[in-house]
>>> print(open('query35.cif').read())   # mmCIF, C-alpha atoms
data_my_file
loop_
_atom_site.group_PDB
_atom_site.id
_atom_site.type_symbol
_atom_site.label_atom_id
_atom_site.label_comp_id
_atom_site.auth_asym_id
_atom_site.auth_seq_id
_atom_site.Cartn_x
_atom_site.Cartn_y
_atom_site.Cartn_z
ATOM 1 C CA MET A 7 0.293 -13.045 -11.921
ATOM 2 C CA ASN A 8 3.711 -11.964 -13.201
ATOM 3 C CA GLU A 9 7.162 -12.831 -11.961
ATOM 4 C CA ASN A 10 7.129 -9.968 -9.456
ATOM 5 C CA ALA A 11 4.433 -11.638 -7.343
ATOM 6 C CA THR A 12 5.552 -15.263 -7.505
ATOM 7 C CA ILE A 13 9.129 -15.366 -6.091
ATOM 8 C CA LYS A 14 9.377 -19.101 -6.713
ATOM 9 C CA GLU A 15 12.011 -20.237 -4.236
ATOM 10 C CA ASN A 16 12.025 -22.370 -1.091
ATOM 11 C CA GLN A 17 8.813 -24.132 -2.085
ATOM 12 C CA HIS A 18 9.127 -26.569 0.823
ATOM 13 C CA ASP A 19 9.676 -24.040 3.596
ATOM 14 C CA PRO A 20 6.736 -23.307 5.931
ATOM 15 C CA LEU A 21 4.428 -20.591 4.665
ATOM 16 C CA LYS A 22 4.602 -17.207 6.314
ATOM 17 C CA THR A 23 1.810 -14.692 6.858
ATOM 18 C CA ALA A 24 2.215 -11.146 8.122
ATOM 19 C CA VAL A 25 0.297 -7.910 8.474
ATOM 20 C CA VAL A 26 2.597 -5.150 7.221
ATOM 21 C CA ALA A 27 2.043 -1.436 7.849
ATOM 22 C CA ILE A 28 3.443 0.833 5.132
ATOM 23 C CA ILE A 29 4.799 4.035 6.677
ATOM 24 C CA GLY A 30 6.246 7.135 5.070
ATOM 25 C CA ARG A 31 5.888 10.844 4.406
ATOM 26 C CA PRO A 32 3.259 12.102 1.942
ATOM 27 C CA SER A 33 4.142 11.273 -1.687
ATOM 28 C CA ALA A 34 6.943 8.859 -0.723
ATOM 29 C CA GLY A 35 5.391 6.244 -3.019
ATOM 30 C CA LYS A 36 3.477 4.077 -0.543
ATOM 31 C CA SER A 37 0.361 3.669 -2.672
ATOM 32 C CA THR A 38 2.408 3.106 -5.827
ATOM 33 C CA PHE A 39 4.328 0.337 -4.066
ATOM 34 C CA LEU A 40 1.109 -1.275 -2.878
ATOM 35 C CA ASN A 41 -0.457 -1.244 -6.346
ATOM 36 C CA THR A 42 2.710 -2.602 -7.956
ATOM 37 C CA ALA A 43 3.124 -5.357 -5.392
ATOM 38 C CA CYS A 44 -0.558 -6.352 -5.594
ATOM 39 C CA GLN A 45 -0.636 -5.907 -9.391
ATOM 40 C CA GLU A 46 -3.945 -4.134 -9.044
ATOM 41 C CA ASN A 47 -5.042 -0.534 -8.395
ATOM 42 C CA VAL A 48 -5.844 -0.988 -4.713
ATOM 43 C CA SER A 49 -4.929 2.507 -3.526
ATOM 44 C CA ILE A 50 -5.199 5.961 -5.132
ATOM 45 C CA VAL A 51 -1.962 7.189 -6.697
ATOM 46 C CA SER A 52 -1.636 10.940 -7.154
ATOM 47 C CA PRO A 53 1.113 13.582 -7.078
ATOM 48 C CA ILE A 54 -1.067 15.403 -4.553
ATOM 49 C CA PRO A 55 0.169 14.760 -0.978
ATOM 50 C CA GLN A 56 -2.067 12.950 1.517
ATOM 51 C CA THR A 57 -4.294 11.349 -1.097
ATOM 52 C CA THR A 58 -4.683 8.270 1.111
ATOM 53 C CA ARG A 59 -7.128 8.987 3.950
ATOM 54 C CA ASN A 60 -7.835 5.497 5.279
ATOM 55 C CA ALA A 61 -5.787 2.436 6.096
ATOM 56 C CA ILE A 62 -6.048 0.711 2.715
ATOM 57 C CA LYS A 63 -5.430 -3.030 2.724
ATOM 58 C CA GLY A 64 -3.670 -4.839 -0.140
ATOM 59 C CA ILE A 65 -2.846 -8.543 -0.245
ATOM 60 C CA VAL A 66 0.217 -10.136 -1.870
ATOM 61 C CA ASN A 67 0.396 -13.918 -2.306
ATOM 62 C CA THR A 68 3.615 -15.697 -3.279
ATOM 63 C CA SER A 69 5.173 -19.122 -2.813
ATOM 64 C CA TYR A 70 6.553 -17.818 0.503
ATOM 65 C CA GLY A 71 3.109 -17.047 1.904
ATOM 66 C CA GLN A 72 0.872 -13.995 2.278
ATOM 67 C CA LEU A 73 1.692 -10.379 3.087
ATOM 68 C CA ILE A 74 -1.275 -8.218 4.078
ATOM 69 C CA PHE A 75 -0.201 -4.626 3.526
ATOM 70 C CA ILE A 76 -1.900 -1.662 5.147
ATOM 71 C CA ASP A 77 -1.268 1.565 3.234
ATOM 72 C CA THR A 78 -1.463 4.403 5.749
ATOM 73 C CA PRO A 79 -1.885 8.165 5.174
ATOM 74 C CA GLY A 80 1.366 10.061 4.730
ATOM 75 C CA TYR A 81 2.683 11.177 8.116
ATOM 76 C CA HIS A 82 2.476 14.964 7.957
ATOM 77 C CA ASP A 83 3.150 17.687 10.547
ATOM 78 C CA SER A 84 -0.032 19.762 10.799
ATOM 79 C CA GLU A 85 -2.475 20.688 13.529
ATOM 80 C CA LYS A 86 -5.516 20.869 11.239
ATOM 81 C CA LYS A 87 -8.358 18.628 12.360
ATOM 82 C CA LEU A 88 -8.315 16.380 9.292
ATOM 83 C CA ASN A 89 -4.521 16.023 9.352
ATOM 84 C CA LEU A 90 -4.580 15.100 13.031
ATOM 85 C CA ARG A 91 -7.061 12.320 12.252
ATOM 86 C CA LEU A 92 -4.879 11.059 9.402
ATOM 87 C CA ARG A 93 -1.883 10.949 11.727
ATOM 88 C CA SER A 94 -3.976 9.026 14.241
ATOM 89 C CA VAL A 95 -4.855 6.462 11.559
ATOM 90 C CA THR A 96 -1.152 5.912 10.871
ATOM 91 C CA GLU A 97 -0.209 5.630 14.546
ATOM 92 C CA THR A 98 -3.070 3.201 15.262
ATOM 93 C CA GLN A 99 -1.979 0.824 12.493
ATOM 94 C CA LEU A 100 1.394 0.342 14.195
ATOM 95 C CA GLU A 101 -0.164 -1.158 17.311
ATOM 96 C CA ASP A 102 -0.987 -4.678 16.074
ATOM 97 C CA ILE A 103 1.241 -5.468 13.122
ATOM 98 C CA ASP A 104 3.862 -8.107 12.378
ATOM 99 C CA CYS A 105 6.138 -5.970 10.198
ATOM 100 C CA VAL A 106 6.664 -2.402 9.020
ATOM 101 C CA LEU A 107 7.723 -1.240 5.578
ATOM 102 C CA TYR A 108 9.223 2.241 5.852
ATOM 103 C CA ILE A 109 9.338 3.926 2.433
ATOM 104 C CA ILE A 110 11.588 6.957 1.961
ATOM 105 C CA ASP A 111 11.652 9.218 -1.095
ATOM 106 C CA SER A 112 15.288 9.432 -2.216
ATOM 107 C CA THR A 113 14.661 12.604 -4.261
ATOM 108 C CA ARG A 114 13.947 14.672 -1.134
ATOM 109 C CA ASP A 115 16.396 15.532 1.604
ATOM 110 C CA PRO A 116 15.363 14.063 4.959
ATOM 111 C CA GLY A 117 14.001 16.875 7.082
ATOM 112 C CA GLU A 118 12.113 17.425 10.309
ATOM 113 C CA GLU A 119 9.022 15.646 9.026
ATOM 114 C CA GLU A 120 11.148 12.583 8.148
ATOM 115 C CA VAL A 121 12.614 12.650 11.646
ATOM 116 C CA HIS A 122 9.124 12.575 13.150
ATOM 117 C CA THR A 123 8.186 9.677 10.871
ATOM 118 C CA ALA A 124 11.276 7.703 11.870
ATOM 119 C CA GLU A 125 10.527 8.328 15.550
ATOM 120 C CA LEU A 126 7.352 6.274 15.148
ATOM 121 C CA LEU A 127 9.573 3.269 14.441
ATOM 122 C CA LYS A 128 12.096 3.589 17.270
ATOM 123 C CA ASN A 129 10.606 0.623 19.154
ATOM 124 C CA LEU A 130 9.764 -1.349 15.999
ATOM 125 C CA GLN A 131 13.193 -1.617 14.399
ATOM 126 C CA ALA A 132 13.374 -5.400 14.875
ATOM 127 C CA LYS A 133 10.442 -5.822 12.515
ATOM 128 C CA THR A 134 11.076 -2.969 10.077
ATOM 129 C CA VAL A 135 12.253 -3.124 6.465
ATOM 130 C CA VAL A 136 13.314 0.119 4.761
ATOM 131 C CA ALA A 137 12.711 0.772 1.063
ATOM 132 C CA ILE A 138 14.518 3.743 -0.478
ATOM 133 C CA ASN A 139 12.206 4.684 -3.330
ATOM 134 C CA LYS A 140 12.546 6.553 -6.664
ATOM 135 C CA THR A 141 16.169 5.492 -7.102
ATOM 136 C CA ASP A 142 15.627 5.396 -10.883
ATOM 137 C CA LEU A 143 15.303 9.180 -11.014
ATOM 138 C CA SER A 144 18.219 11.533 -11.708
ATOM 139 C CA ALA A 145 17.348 13.541 -8.574
ATOM 140 C CA SER A 146 17.786 10.467 -6.369
ATOM 141 C CA LYS A 147 20.326 10.831 -3.543
ATOM 142 C CA THR A 148 20.614 7.545 -1.705
ATOM 143 C CA GLY A 149 23.718 8.525 0.292
ATOM 144 C CA PRO A 150 22.013 11.129 2.509
ATOM 145 C CA VAL A 151 19.042 8.794 2.972
ATOM 146 C CA ARG A 152 21.264 5.928 4.102
ATOM 147 C CA ASN A 153 23.078 8.284 6.488
ATOM 148 C CA PHE A 154 19.728 9.400 7.876
ATOM 149 C CA ILE A 155 18.657 5.783 8.467
ATOM 150 C CA SER A 156 21.944 4.895 10.169
ATOM 151 C CA GLN A 157 21.541 7.867 12.513
ATOM 152 C CA GLN A 158 17.826 7.612 13.265
ATOM 153 C CA LEU A 159 17.259 3.842 13.131
ATOM 154 C CA LYS A 160 20.600 2.360 14.139
ATOM 155 C CA GLU A 161 19.226 -1.105 14.910
ATOM 156 C CA ILE A 162 18.049 -1.806 11.354
ATOM 157 C CA PRO A 163 20.789 -3.845 9.635
ATOM 158 C CA ALA A 164 22.003 -3.097 6.125
ATOM 159 C CA ASN A 165 20.440 -6.292 4.755
ATOM 160 C CA ARG A 166 16.985 -4.878 5.569
ATOM 161 C CA ILE A 167 17.524 -1.662 3.631
ATOM 162 C CA PHE A 168 16.642 -1.867 -0.066
ATOM 163 C CA GLU A 169 16.640 0.470 -3.053
ATOM 164 C CA MET A 170 13.678 0.379 -5.416
ATOM 165 C CA SER A 171 11.489 2.132 -7.933
ATOM 166 C CA ALA A 172 7.885 1.359 -7.049
ATOM 167 C CA GLU A 173 6.688 3.001 -10.259
ATOM 168 C CA LYS A 174 9.058 1.062 -12.545
ATOM 169 C CA ASP A 175 8.701 -2.220 -10.601
ATOM 170 C CA ILE A 176 12.421 -2.334 -9.804
ATOM 171 C CA GLY A 177 13.567 -3.962 -6.567
ATOM 172 C CA ILE A 178 10.063 -4.941 -5.443
ATOM 173 C CA ASN A 179 10.951 -8.651 -5.208
ATOM 174 C CA GLU A 180 13.862 -7.883 -2.903
ATOM 175 C CA VAL A 181 11.665 -5.780 -0.618
ATOM 176 C CA LEU A 182 9.038 -8.538 -0.443
ATOM 177 C CA LYS A 183 11.701 -11.156 0.304
ATOM 178 C CA GLY A 184 13.092 -8.941 3.062
ATOM 179 C CA LEU A 185 9.648 -8.780 4.654
ATOM 180 C CA TYR A 186 9.122 -12.530 4.388
ATOM 181 C CA ASP A 187 12.467 -13.088 6.126
ATOM 182 C CA ILE A 188 11.142 -11.425 9.299
ATOM 183 C CA SER A 189 7.526 -12.617 9.026
ATOM 184 C CA PRO A 190 6.056 -15.268 11.349
ATOM 185 C CA GLU A 191 5.061 -18.692 10.078
ATOM 186 C CA GLY A 192 1.359 -19.138 9.451
ATOM 187 C CA ALA A 193 -1.309 -20.124 6.962
ATOM 188 C CA PRO A 194 -2.795 -17.462 4.640
ATOM 189 C CA ILE A 195 -5.707 -15.499 6.076
ATOM 190 C CA TYR A 196 -7.299 -14.430 2.788
ATOM 191 C CA ASP A 197 -8.132 -16.312 -0.391
ATOM 192 C CA GLU A 198 -5.198 -16.274 -2.807
ATOM 193 C CA GLU A 199 -7.286 -14.574 -5.506
ATOM 194 C CA LEU A 200 -7.972 -11.487 -3.372
ATOM 195 C CA ALA A 201 -5.894 -8.338 -3.866
ATOM 196 C CA THR A 202 -7.850 -6.348 -1.244
ATOM 197 C CA ASP A 203 -10.632 -6.787 1.313
ATOM 198 C CA GLN A 204 -12.253 -3.427 0.526
ATOM 199 C CA ASP A 205 -16.040 -3.597 0.330
ATOM 200 C CA LEU A 206 -17.942 -2.499 -2.765
ATOM 201 C CA THR A 207 -19.039 0.938 -1.528
ATOM 202 C CA PHE A 208 -15.604 1.903 -0.210
ATOM 203 C CA ARG A 209 -13.883 0.888 -3.422
ATOM 204 C CA ILE A 210 -16.360 2.818 -5.542
ATOM 205 C CA CYS A 211 -15.729 5.905 -3.394
ATOM 206 C CA GLU A 212 -11.965 5.567 -3.763
ATOM 207 C CA VAL A 213 -12.112 5.086 -7.538
ATOM 208 C CA ILE A 214 -14.300 8.160 -8.030
ATOM 209 C CA ARG A 215 -12.221 10.262 -5.628
ATOM 210 C CA GLY A 216 -9.008 9.168 -7.328
ATOM 211 C CA GLU A 217 -10.261 10.160 -10.765
ATOM 212 C CA ALA A 218 -11.525 13.477 -9.380
ATOM 213 C CA ILE A 219 -8.426 14.612 -7.503
ATOM 214 C CA ASN A 220 -6.144 13.864 -10.446
ATOM 215 C CA ARG A 221 -8.247 16.224 -12.579
ATOM 216 C CA LEU A 222 -8.629 19.074 -10.101
ATOM 217 C CA GLU A 223 -6.132 21.744 -9.125
ATOM 218 C CA GLN A 224 -4.812 23.676 -6.161
ATOM 219 C CA GLU A 225 -6.702 23.174 -2.881
ATOM 220 C CA ILE A 226 -9.801 21.535 -4.347
ATOM 221 C CA PRO A 227 -8.551 17.891 -4.247
ATOM 222 C CA HIS A 228 -8.172 18.132 -0.467
ATOM 223 C CA ALA A 229 -11.700 19.580 -0.201
ATOM 224 C CA VAL A 230 -13.353 16.655 -2.003
ATOM 225 C CA TYR A 231 -14.898 13.499 -0.625
ATOM 226 C CA VAL A 232 -17.282 10.998 -2.218
ATOM 227 C CA GLU A 233 -20.635 9.882 -0.888
ATOM 228 C CA VAL A 234 -22.242 6.813 -2.454
ATOM 229 C CA ALA A 235 -26.006 7.185 -2.061
ATOM 230 C CA ASP A 236 -27.203 4.035 -3.828
ATOM 231 C CA VAL A 237 -25.761 0.878 -5.368
ATOM 232 C CA GLU A 238 -28.091 -1.513 -7.168
ATOM 233 C CA HIS A 239 -27.511 -4.734 -9.069
ATOM 234 C CA ARG A 240 -29.776 -4.556 -12.119
ATOM 235 C CA ASN A 241 -30.573 -6.719 -15.171
ATOM 236 C CA ASP A 242 -30.116 -9.960 -13.219
ATOM 237 C CA GLY A 243 -26.803 -8.772 -11.864
ATOM 238 C CA LYS A 244 -25.373 -7.765 -15.246
ATOM 239 C CA LYS A 245 -25.400 -4.040 -14.456
ATOM 240 C CA LEU A 246 -24.051 -2.161 -11.436
ATOM 241 C CA TRP A 247 -26.015 1.082 -11.040
ATOM 242 C CA ILE A 248 -24.421 3.678 -8.785
ATOM 243 C CA ARG A 249 -25.594 7.088 -7.597
ATOM 244 C CA ALA A 250 -22.803 9.104 -5.990
ATOM 245 C CA PHE A 251 -21.933 12.662 -5.012
ATOM 246 C CA LEU A 252 -18.644 14.522 -5.171
ATOM 247 C CA CYS A 253 -18.840 16.673 -2.051
ATOM 248 C CA VAL A 254 -16.950 19.959 -1.743
ATOM 249 C CA GLU A 255 -16.706 22.643 0.936
ATOM 250 C CA ARG A 256 -17.875 25.773 -0.899
ATOM 251 C CA ASP A 257 -20.236 26.837 -3.679
ATOM 252 C CA SER A 258 -17.310 28.272 -5.642
ATOM 253 C CA GLN A 259 -15.664 24.829 -5.652
ATOM 254 C CA LYS A 260 -18.848 23.217 -6.917
ATOM 255 C CA GLY A 261 -18.714 25.250 -10.115
ATOM 256 C CA ILE A 262 -15.072 24.306 -10.707
ATOM 257 C CA VAL A 263 -15.769 20.580 -10.236
ATOM 258 C CA ILE A 264 -18.727 20.708 -12.607
ATOM 259 C CA GLY A 265 -16.786 22.729 -15.166
ATOM 260 C CA LYS A 266 -17.930 24.772 -18.157
ATOM 261 C CA GLY A 267 -20.861 23.041 -19.798
ATOM 262 C CA ALA A 268 -20.492 20.245 -17.176
ATOM 263 C CA ALA A 269 -17.323 19.148 -18.998
ATOM 264 C CA LYS A 270 -15.232 18.436 -15.879
ATOM 265 C CA ILE A 271 -17.808 16.286 -14.065
ATOM 266 C CA LYS A 272 -18.436 14.356 -17.295
ATOM 267 C CA GLU A 273 -14.691 13.725 -17.633
ATOM 268 C CA ILE A 274 -14.478 12.479 -14.042
ATOM 269 C CA ARG A 275 -17.575 10.309 -14.494
ATOM 270 C CA MET A 276 -16.295 8.610 -17.657
ATOM 271 C CA ALA A 277 -12.853 8.014 -16.153
ATOM 272 C CA ALA A 278 -14.438 6.461 -13.040
ATOM 273 C CA ILE A 279 -16.619 4.206 -15.207
ATOM 274 C CA ARG A 280 -13.544 3.011 -17.114
ATOM 275 C CA LYS A 281 -11.640 2.260 -13.908
ATOM 276 C CA LEU A 282 -14.604 0.500 -12.264
ATOM 277 C CA SER A 283 -15.080 -1.565 -15.426
ATOM 278 C CA GLU A 284 -11.520 -2.866 -14.985
ATOM 279 C CA ILE A 285 -12.420 -4.079 -11.492
ATOM 280 C CA TYR A 286 -15.973 -5.397 -11.841
ATOM 281 C CA ILE A 287 -17.403 -7.643 -14.562
ATOM 282 C CA GLN A 288 -20.811 -5.921 -14.544
ATOM 283 C CA LYS A 289 -21.644 -3.030 -16.848
ATOM 284 C CA ILE A 290 -21.215 0.192 -14.850
ATOM 285 C CA ASP A 291 -23.905 2.897 -14.849
ATOM 286 C CA LEU A 292 -22.776 5.881 -12.764
ATOM 287 C CA ASP A 293 -24.965 8.861 -11.867
ATOM 288 C CA LEU A 294 -22.425 11.365 -10.514
ATOM 289 C CA GLN A 295 -23.396 14.764 -9.126
ATOM 290 C CA VAL A 296 -21.729 17.516 -7.070
ATOM 291 C CA LYS A 297 -22.981 18.957 -3.800
ATOM 292 C CA VAL A 298 -21.706 21.255 -1.068
ATOM 293 C CA ASP A 299 -21.027 20.119 2.496
ATOM 294 C CA LYS A 300 -19.897 23.451 3.887
ATOM 295 C CA ASN A 301 -16.574 23.364 5.789
ATOM 296 C CA TRP A 302 -16.778 19.586 6.157
ATOM 297 C CA ARG A 303 -13.097 19.286 7.130
ATOM 298 C CA GLN A 304 -13.942 21.050 10.388
ATOM 299 C CA LYS A 305 -16.909 18.790 11.204
ATOM 300 C CA ASP A 306 -16.291 15.870 13.531
ATOM 301 C CA PHE A 307 -19.382 14.061 12.226
ATOM 302 C CA THR A 308 -18.170 14.043 8.622
ATOM 303 C CA ILE A 309 -14.567 13.207 9.495
ATOM 304 C CA ASN A 310 -15.740 10.315 11.698
ATOM 305 C CA LYS A 311 -17.875 9.037 8.848
ATOM 306 C CA LEU A 312 -15.046 9.178 6.328
ATOM 307 C CA ILE A 313 -12.198 8.123 8.626
ATOM 308 C CA PRO A 314 -13.583 6.015 11.493
ATOM 309 C CA ASN A 315 -11.569 5.835 14.705
#
>>> encode(input="query35.cif", output="structure tokens")
Amino acid sequence: MNENATIKENQHDPLKTAVVAIIGRPSAGKSTFLNTACQENVSIVSPIPQTTRNAIKGIVNTSYGQLIFIDTPGYHDSEKKLNLRLRSVTETQLEDIDCVLYIIDSTRDPGEEEVHTAELLKNLQAKTVVAINKTDLSASKTGPVRNFISQQLKEIPANRIFEMSAEKDIGINEVLKGLYDISPEGAPIYDEELATDQDLTFRICEVIRGEAINRLEQEIPHAVYVEVADVEHRNDGKKLWIRAFLCVERDSQKGIVIGKGAAKIKEIRMAAIRKLSEIYIQKIDLDLQVKVDKNWRQKDFTINKLIPN
């Protein structure tokens, strides 16, 4: 574990433990922050908005204690069925948390969607830390963002507003320390070696989906989900055999995901194997196919399966 995750100060102070919801608009950098803080690829990172569909949990252990982060879907104004469920996931995570980390993209002007996001935190300002992200970029404009915060969330003091670059690992320590400062005392809940509590099947799905959406264009990434049909431990546990499906909404999308001469699905498969091999010690054998689940984003059954209430 590198210096970012140790923060070796106040060794004799009582340990603190907190559940922290990460809130922000799509593409604000929530998943990037989580992966950087945990020093492991816990959540999918993609330039495509609303990549995160579930409340992804990442665990950070330092000498101050344990922060259990919940990466929520980007809060997005839309009345589509899937988007409404994603908003519900975000709102639900705010009900039983100790702290909130509100991440704002400093390269975008705060607009109506940012106002709606900030409104979620009106009654949670006493336990909210703000991280102004992407301040390393030339397009960053921290002044308007700070003005927005002072107008919308007046009760958050200046010493709980930080500037950072989640991608470059700049300012992460300060954000973590700010969260510890408002966290309750308590013993760690999870083992110190854990970076996430995701089960095997869920993590496989997320790895495959992440590798797929970063290789697909236009609307197709939003039309993809992953179904793991079988997972077997073979060769006395030395091999992890997986059979999974990339599911799309239309036959025309199936051909695009497979690609000419099956080149695209092979590329996704090999990338997923490489990523899974970084996580699990077993040899990975992945049988990956594509199938159509017509108009699945309009089906309550499928949405409930992928994003439980």
>>> closest_residue(input="query35.cif", among="A:Gly261, A:Pro163, A:Pro116, A:Gly64", to="Gly30 (chain A)", atoms="all atoms listed in the file")
A:Pro116
>>> residues_around(input="query35.cif", residues="Ile178 (chain A)", least_positions_apart="6", cutoff="12 Å", atoms="only C-alpha atoms", output="list of chain:residue names")
A:Glu9, A:Asn10, A:Ala11, A:Thr12, A:Ile13, A:Thr38, A:Phe39, A:Leu40, A:Asn41, A:Thr42, A:Ala43, A:Cys44, A:Gln45, A:Val66, A:Leu107, A:Ile109, A:Val136, A:Ala137, A:Ile138, A:Asn139, A:Lys140, A:Phe168, A:Glu169, A:Met170, A:Ser171, A:Ala172, A:Gly184, A:Leu185
>>> atom_distance(input="query35.cif", atom1="CA of Ile162 (chain A)", atom2="CA of Val48 (chain A)")
28.8 Å
>>> resolve_selection(input="query35.cif", expression="the PyMOL selection byres ((chain A and resi 194-198) around 9)", output="list in words")
Leu21, Lys22, Thr23, Ala24, Ile65, Val66, Asn67, Thr68, Gly71, Gln72, Leu73, Ile74, Gly192, Ala193, Glu199, Leu200, Ala201 and Asp203 of chain A
>>> closest_residue(input="query35.cif", among="A:Ala268, A:Gly216, A:Lys174, A:Glu191", to="Asp19 (chain A)", atoms="all atoms listed in the file")
A:Glu191
>>> atom_distance(input="query35.cif", atom1="CA of Gln158 (chain A)", atom2="CA of Ala145 (chain A)")
22.6 Å
>>> residues_around(input="query35.cif", residues="Ala27 (chain A)", least_positions_apart="6", cutoff="6 Å", atoms="all atoms listed in the file", output="number ranges by chain")
A: 75-76, 106
>>> closest_residue(input="query35.cif", among="A:Val237, A:Val232, A:Ile219, A:Ala278", to="Leu312 (chain A)", atoms="only C-alpha atoms")
A:Val232
>>> closest_residue(input="query35.cif", among="A:Val151, A:Ala218, A:Leu130, A:Val25", to="Asp104 (chain A)", atoms="only C-alpha atoms")
A:Val25
>>> resolve_selection(input="query35.cif", expression="the PyMOL selection byres ((chain A and resi 260) around 12)", output="list in words")
Leu222, Ile226, Pro227, Ala229, Val230, Phe251, Leu252, Cys253, Val254, Glu255, Arg256, Asp257, Ser258, Gln259, Gly261, Ile262, Val263, Ile264, Gly265, Lys266, Ala268, Lys270, Ile271, Gln295, Val296, Lys297, Val298, Asp299 and Lys300 of chain A
>>> atom_distance(input="query35.cif", atom1="CA of Leu206 (chain A)", atom2="CA of Trp302 (chain A)")
23.8 Å
>>> resolve_selection(input="query35.cif", expression="the PyMOL selection byres ((chain A and resi 281) around 12)", output="PDB file with C-alpha atoms, keeping the file's coordinate frame")
ATOM      1  CA  GLU A  46      -3.945  -4.134  -9.044  1.00  0.00           C
ATOM      2  CA  ASN A  47      -5.042  -0.534  -8.395  1.00  0.00           C
ATOM      3  CA  VAL A  48      -5.844  -0.988  -4.713  1.00  0.00           C
ATOM      4  CA  ILE A  50      -5.199   5.961  -5.132  1.00  0.00           C
ATOM      5  CA  ARG A 209     -13.883   0.888  -3.422  1.00  0.00           C
ATOM      6  CA  ILE A 210     -16.360   2.818  -5.542  1.00  0.00           C
ATOM      7  CA  CYS A 211     -15.729   5.905  -3.394  1.00  0.00           C
ATOM      8  CA  GLU A 212     -11.965   5.567  -3.763  1.00  0.00           C
ATOM      9  CA  VAL A 213     -12.112   5.086  -7.538  1.00  0.00           C
ATOM     10  CA  ILE A 214     -14.300   8.160  -8.030  1.00  0.00           C
ATOM     11  CA  ARG A 215     -12.221  10.262  -5.628  1.00  0.00           C
ATOM     12  CA  GLY A 216      -9.008   9.168  -7.328  1.00  0.00           C
ATOM     13  CA  GLU A 217     -10.261  10.160 -10.765  1.00  0.00           C
ATOM     14  CA  ILE A 274     -14.478  12.479 -14.042  1.00  0.00           C
ATOM     15  CA  ARG A 275     -17.575  10.309 -14.494  1.00  0.00           C
ATOM     16  CA  MET A 276     -16.295   8.610 -17.657  1.00  0.00           C
ATOM     17  CA  ALA A 277     -12.853   8.014 -16.153  1.00  0.00           C
ATOM     18  CA  ALA A 278     -14.438   6.461 -13.040  1.00  0.00           C
ATOM     19  CA  ILE A 279     -16.619   4.206 -15.207  1.00  0.00           C
ATOM     20  CA  ARG A 280     -13.544   3.011 -17.114  1.00  0.00           C
ATOM     21  CA  LEU A 282     -14.604   0.500 -12.264  1.00  0.00           C
ATOM     22  CA  SER A 283     -15.080  -1.565 -15.426  1.00  0.00           C
ATOM     23  CA  GLU A 284     -11.520  -2.866 -14.985  1.00  0.00           C
ATOM     24  CA  ILE A 285     -12.420  -4.079 -11.492  1.00  0.00           C
ATOM     25  CA  TYR A 286     -15.973  -5.397 -11.841  1.00  0.00           C
ATOM     26  CA  ILE A 287     -17.403  -7.643 -14.562  1.00  0.00           C
ATOM     27  CA  LYS A 289     -21.644  -3.030 -16.848  1.00  0.00           C
ATOM     28  CA  ILE A 290     -21.215   0.192 -14.850  1.00  0.00           C
ATOM     29  CA  LEU A 292     -22.776   5.881 -12.764  1.00  0.00           C
TER      30      LEU A 292
END
